[in-house]
Structure formats: C-alpha cells, structure tokens
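To be precise, the following lines are target.txt, and they hold compact mmCIF, C-alpha atoms.
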```txt
# COMPACT_ATOMS: atom_id res chain seq x y z
CA MET A 67 40.86 81.18 116.33
CA PHE A 68 42.63 83.71 114.09
CA SER A 69 40.69 85.60 111.49
CA ARG A 70 42.36 86.01 108.13
CA ARG A 71 43.08 89.69 108.89
CA ARG A 72 44.69 88.90 112.28
CA TRP A 73 46.70 86.05 110.74
CA CYS A 74 48.01 88.31 107.94
CA GLY A 75 48.86 91.00 110.48
CA ALA A 76 50.78 88.48 112.61
CA VAL A 77 52.73 87.22 109.59
CA VAL A 78 53.61 90.72 108.39
CA GLY A 79 54.57 91.75 111.92
CA SER A 80 56.89 88.78 112.33
CA LEU A 81 58.49 89.43 108.93
CA LEU A 82 59.12 93.06 109.84
CA ALA A 83 60.39 92.19 113.31
CA GLY A 84 63.15 89.91 111.95
CA PRO A 85 65.29 92.67 110.41
CA VAL A 86 64.68 94.98 113.37
CA LEU A 87 65.78 92.32 115.85
CA ALA A 88 68.76 91.42 113.70
CA GLN A 89 69.83 95.07 113.61
CA THR A 90 69.86 95.34 117.38
CA ARG A 91 72.10 92.28 117.75
CA VAL A 92 74.61 93.14 115.01
CA PRO A 93 77.49 95.34 116.14
CA ASP A 94 78.49 98.05 113.68
CA ILE A 95 81.92 97.55 112.12
CA ALA A 96 83.57 100.66 110.72
CA LEU A 97 84.97 100.72 107.21
CA PRO A 98 87.56 103.29 106.15
CA ARG A 99 85.94 106.54 104.99
CA ALA A 100 87.26 107.56 101.60
CA ALA A 101 89.32 110.75 101.43
CA SER A 102 90.99 110.07 98.07
CA LEU A 103 89.62 107.46 95.70
CA SER A 104 92.70 107.68 93.46
CA GLN A 105 94.91 106.88 96.46
CA ALA A 106 92.60 104.04 97.60
CA MET A 107 92.61 102.66 94.03
CA ALA A 108 96.41 102.84 93.86
CA GLU A 109 96.65 100.85 97.10
CA ALA A 110 94.14 98.29 95.76
CA ALA A 111 96.13 97.97 92.52
CA THR A 112 99.30 97.10 94.44
CA ARG A 113 97.36 94.09 95.80
CA HIS A 114 95.97 93.30 92.31
CA LYS A 115 92.43 93.77 93.61
CA ALA A 116 89.42 95.89 92.76
CA LEU A 117 88.29 98.68 95.06
CA ILE A 118 84.84 98.19 96.54
CA VAL A 119 83.04 101.42 97.43
CA MET A 120 80.10 101.17 99.79
CA ALA A 121 77.48 103.91 99.64
CA SER A 122 76.07 104.10 103.15
CA LEU A 123 73.52 106.19 105.01
CA GLU A 124 73.64 107.18 108.68
CA GLY A 125 71.19 105.10 110.69
CA CYS A 126 70.61 102.54 107.91
CA GLY A 127 70.14 99.14 109.54
CA PHE A 128 70.75 97.28 106.29
CA CYS A 129 74.03 99.19 105.86
CA ARG A 130 75.09 98.11 109.34
CA ILE A 131 74.28 94.47 108.57
CA ALA A 132 76.16 94.61 105.24
CA ARG A 133 79.22 96.16 106.95
CA SER A 134 79.22 93.86 109.95
CA LEU A 135 78.37 90.51 108.41
CA TYR A 136 79.87 90.80 104.93
CA LEU A 137 82.08 93.79 104.16
CA GLY A 138 83.99 94.01 107.46
CA PRO A 139 85.19 90.40 107.30
CA LEU A 140 85.97 90.77 103.58
CA HIS A 141 88.02 93.91 104.31
CA GLN A 142 89.84 92.17 107.17
CA ALA A 143 90.69 89.36 104.73
CA GLY A 144 92.48 91.88 102.49
CA GLN A 145 89.86 93.17 100.05
CA PRO A 146 90.18 96.96 99.65
CA ILE A 147 86.89 98.59 100.67
CA VAL A 148 86.06 102.22 101.44
CA GLN A 149 82.83 103.89 102.44
CA LEU A 150 81.16 107.02 101.11
CA ASP A 151 78.28 108.48 103.08
CA MET A 152 75.08 109.75 101.51
CA LYS A 153 73.86 113.15 102.72
CA THR A 154 77.34 113.97 104.05
CA ALA A 155 79.50 116.95 103.16
CA ALA A 156 82.76 115.14 104.00
CA ALA A 157 85.46 115.95 101.45
CA VAL A 158 86.67 113.35 98.98
CA ALA A 159 88.89 113.42 95.89
CA ASP A 160 87.47 111.38 93.00
CA PHE A 161 89.49 109.02 90.79
CA GLN A 162 90.81 111.96 88.76
CA GLY A 163 91.79 113.92 91.88
CA ARG A 164 88.92 116.43 91.67
CA GLN A 165 87.57 117.56 95.04
CA SER A 166 83.96 116.83 95.88
CA THR A 167 81.86 115.68 98.81
CA HIS A 168 80.70 112.14 99.55
CA ASP A 169 77.09 113.09 98.76
CA GLU A 170 77.88 114.97 95.54
CA LEU A 171 80.02 112.13 94.21
CA LEU A 172 77.37 109.51 94.96
CA LYS A 173 74.74 111.65 93.21
CA ARG A 174 77.06 112.05 90.20
CA TRP A 175 77.33 108.26 90.02
CA GLY A 176 73.53 107.94 90.21
CA VAL A 177 73.47 106.16 93.57
CA LYS A 178 70.01 106.47 95.14
CA VAL A 179 69.78 103.46 97.48
CA ALA A 180 71.71 102.55 100.60
CA PRO A 181 73.54 100.30 100.79
CA THR A 182 74.96 100.26 97.28
CA LEU A 183 78.25 98.54 96.46
CA LEU A 184 80.33 99.60 93.47
CA PHE A 185 83.31 97.61 92.17
CA PHE A 186 86.07 99.75 90.64
CA GLY A 187 89.27 99.10 88.75
CA PRO A 188 92.03 101.41 87.54
CA GLY A 189 90.85 104.81 86.38
CA GLY A 190 87.55 104.46 88.21
CA ARG A 191 86.08 101.98 85.71
CA GLU A 192 83.27 99.82 87.12
CA LEU A 193 84.19 96.16 86.78
CA ALA A 194 81.06 94.39 88.02
CA GLU A 195 77.35 95.04 88.33
CA ARG A 196 76.43 97.23 91.29
CA MET A 197 74.72 95.73 94.30
CA GLU A 198 71.84 98.02 95.23
CA GLY A 199 70.00 97.60 98.50
CA ALA A 200 69.65 94.41 100.50
CA GLY A 201 66.51 92.96 98.96
CA LEU A 202 67.59 89.30 99.10
CA PRO A 203 69.49 88.89 102.37
CA ASP A 204 69.74 85.10 101.97
CA PHE A 205 71.78 85.59 98.80
CA TYR A 206 73.67 88.80 99.69
CA GLY A 207 76.91 86.99 100.53
CA ALA A 208 76.80 84.90 97.36
CA TYR A 209 76.17 87.95 95.16
CA LEU A 210 78.96 89.84 96.92
CA ASP A 211 81.41 86.95 96.45
CA GLU A 212 80.48 86.61 92.78
CA ARG A 213 80.90 90.30 91.99
CA THR A 214 84.08 90.62 94.04
CA GLN A 215 85.66 87.69 92.19
CA GLN A 216 84.51 89.10 88.85
CA ALA A 217 85.95 92.55 89.62
CA ASN A 218 89.23 91.17 91.02
CA ALA A 219 89.68 89.02 87.90
CA HIS A 220 89.67 92.18 85.74
CA VAL A 221 92.38 94.04 87.67
```

Re-express the file's structure as structure tokens.
Amino acid sequence: MFSRRRWCGAVVGSLLAGPVLAQTRVPDIALPRAASLSQAMAEAATRHKALIVMASLEGCGFCRIARSLYLGPLHQAGQPIVQLDMKTAAAVADFQGRQSTHDELLKRWGVKVAPTLLFFGPGGRELAERMEGAGLPDFYGAYLDERTQQANAHV
C-alpha cells in the first residue's frame, strides 16, 4: 500500500514525465530566423497579415513543442512567423532598420520567458496580447488562434 508521501511522489513524477516524454517524440521544426524585422513586416503586410515573432531559447523543450505542434503548421498555412533567439548574438535589424542582436532586441522588448510570442503590425506596433511561456498546454492552440485572428484583423 502507498503511503501519502510515496503517492504524492508518484503523481508529481508522472506529471513531470509527461512533458519530457512529449519532448522526445516531437520533431523540431525550424522557423525562419529574423534578419530584418522591417523586411519581414513588409512581406507580412503584402499578405494583409500580422507578423508573429517567437522568442526562443536553445534547448527549450516547450519552444520545440510550440514550433512543431502550433507555429510550424501555422507558418506553413501562410501566417508570417519569424524567430528570435534569446542569448544569441545573431544580427537583426529592428522595425526601424537599426542593427541589434536577437538577445539585445528581446531584452529591449522586455521578453524574459521562452517561448514568448509577439504579434506585430506595421511600424512594429503590438496588435495582440503576448503569449508568455507554455503554462496551459491544453489551451495553447486556442490562445494562439485567438491572438492571431485578433492581430490579423488589425492589419
């Protein structure tokens, strides 16, 4: 018979194992890395869509799940999406054409959690509430759809 402590340990262990197992079975889908946000926004505007920017972190399992299960298919369906990488010195031009790095730009925007999704319109104006982290995986797709539709409606 399980003691309360062993039962709690088993429950916590199974809850933690779920995301780890899911990460190992989910292939990583690459999103375009942003080099020029003004250029990416111009391309999005020609489609009358918002630009989604994903803040990602190397080795982040939740980022891989967001890319593979949600953002990759959305991008393949025609939604403009680019990725910026935290803790990376890759060069990027912001919406005004100023040179920066992925990490510096994300810090300037106040992004502290990976994954974070930002929804931009012309001029780099945010059009929908940011999605920070992956705290409610059962509702992630619904929140993403809602914010994408909201942002696209304002372009």

For the atom pair atom CA of Asp169 of chain A and atom CA of Ala96 of chain A, what is the interatomic distance in Å to one decimal place?
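Spanning atom CA of Asp169 of chain A to atom CA of Ala96 of chain A is a straight-line distance of 18.4 Å.
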
Rank nothing, just name the residue among A:Ala111, A:Ala106, A:Ala200, A:Ala156 nearest to Leu183 of chain A, using only C-alpha atoms.
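When distances to Leu183 of chain A are compared using only C-alpha atoms, the smallest one comes from A:Ala200.
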
Atomic distance atom CA of Arg133 of chain A - atom CA of Met120 of chain A, expressed in Å with one decimal:
8.8 Å

Separation of atom CA of Ala121 of chain A from atom CA of Ala100 of chain A in Å
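Between atom CA of Ala100 of chain A and atom CA of Ala121 of chain A the gap is 10.6 Å.
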
Quick one: residues within 12 Å of Gly125 of chain A, all atoms listed in the file, excluding same-chain residues fewer than 5 positions away - as an MDAnalysis selection string?
chainID A and resid 89:90 94 130:131 151:153 180:181

For Gly187 of chain A, the nearest of the candidates A:Ala101, A:Ala159, A:Cys129, A:Val119, counting all atoms listed in the file:
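Comparing A:Ala101, A:Ala159, A:Cys129, A:Val119 against Gly187 of chain A, the winner is A:Val119.
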
Residues proximal to (81.8, 94.9, 89.0) were defined as those with any atom within 8 Å of that point in the file's coordinates, counting all atoms listed in the file. Which are they, as a list of chain:residue names?
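The answer, in the requested form, is A:Leu184, A:Phe185, A:Phe186, A:Glu192, A:Leu193, A:Ala194, A:Glu195, A:Arg196, A:Arg213, A:Thr214, A:Gln216, A:Ala217.
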
Export of prior selection with C-alpha atoms as a short mmCIF file (atom, residue, chain, number, x, y, z; two decimals), in the frame of the given file:
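What ended up in part-v1.cif:
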```
data_model
loop_
_atom_site.label_atom_id
_atom_site.label_comp_id
_atom_site.auth_asym_id
_atom_site.auth_seq_id
_atom_site.Cartn_x
_atom_site.Cartn_y
_atom_site.Cartn_z
CA LEU A 184 80.33 99.60 93.47
CA PHE A 185 83.31 97.61 92.17
CA PHE A 186 86.07 99.75 90.64
CA GLU A 192 83.27 99.82 87.12
CA LEU A 193 84.19 96.16 86.78
CA ALA A 194 81.06 94.39 88.02
CA GLU A 195 77.35 95.04 88.33
CA ARG A 196 76.43 97.23 91.29
CA ARG A 213 80.90 90.30 91.99
CA THR A 214 84.08 90.62 94.04
CA GLN A 216 84.51 89.10 88.85
CA ALA A 217 85.95 92.55 89.62
#
```

Can you work out which one of A:Met197, A:Leu135, A:Leu171, A:Ile147 has the shortest atom-to-atom distance to Lys115 of chain A, counting only C-alpha atoms?
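Nearest to Lys115 of chain A: A:Ile147.
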
Find, counting all atoms listed in the file, the residue in A:Val179, A:Leu117, A:Leu150, A:Leu123 that gets nearest to Ser166 of chain A.
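Of A:Val179, A:Leu117, A:Leu150, A:Leu123, the one nearest Ser166 of chain A is A:Leu150, counting all atoms listed in the file.
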
From the list A:Arg164, A:His220, A:His114, A:Arg174, which residue is nearest Pro146 of chain A when using all atoms listed in the file?
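Smallest distance to Pro146 of chain A is found for A:His114.
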
At a cut-off of 9 Å around the point (96.2, 105.7, 90.7) (file coordinates), what residues fall inside when counting all atoms listed in the file? I'd like the answer as a count of residues only.
12

Please determine, counting all atoms listed in the file, which residue among A:Ser102, A:Pro203, A:Val92, A:Gln145 has the shortest atom-to-atom distance to Gln165 of chain A.
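Among A:Ser102, A:Pro203, A:Val92, A:Gln145, it is A:Ser102 that comes nearest to Gln165 of chain A.
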
Padding 8 Å on each side, edges along x, y and z: where is the centre of the box around the listed atoms of segment 122-127 of chain A, and how long are its edges in Å to one decimal? Output it as AutoDock Vina command-line options.
```
--center_x 73.1 --center_y 103.2 --center_z 106.9 --size_x 21.9 --size_y 24.0 --size_z 23.5
```
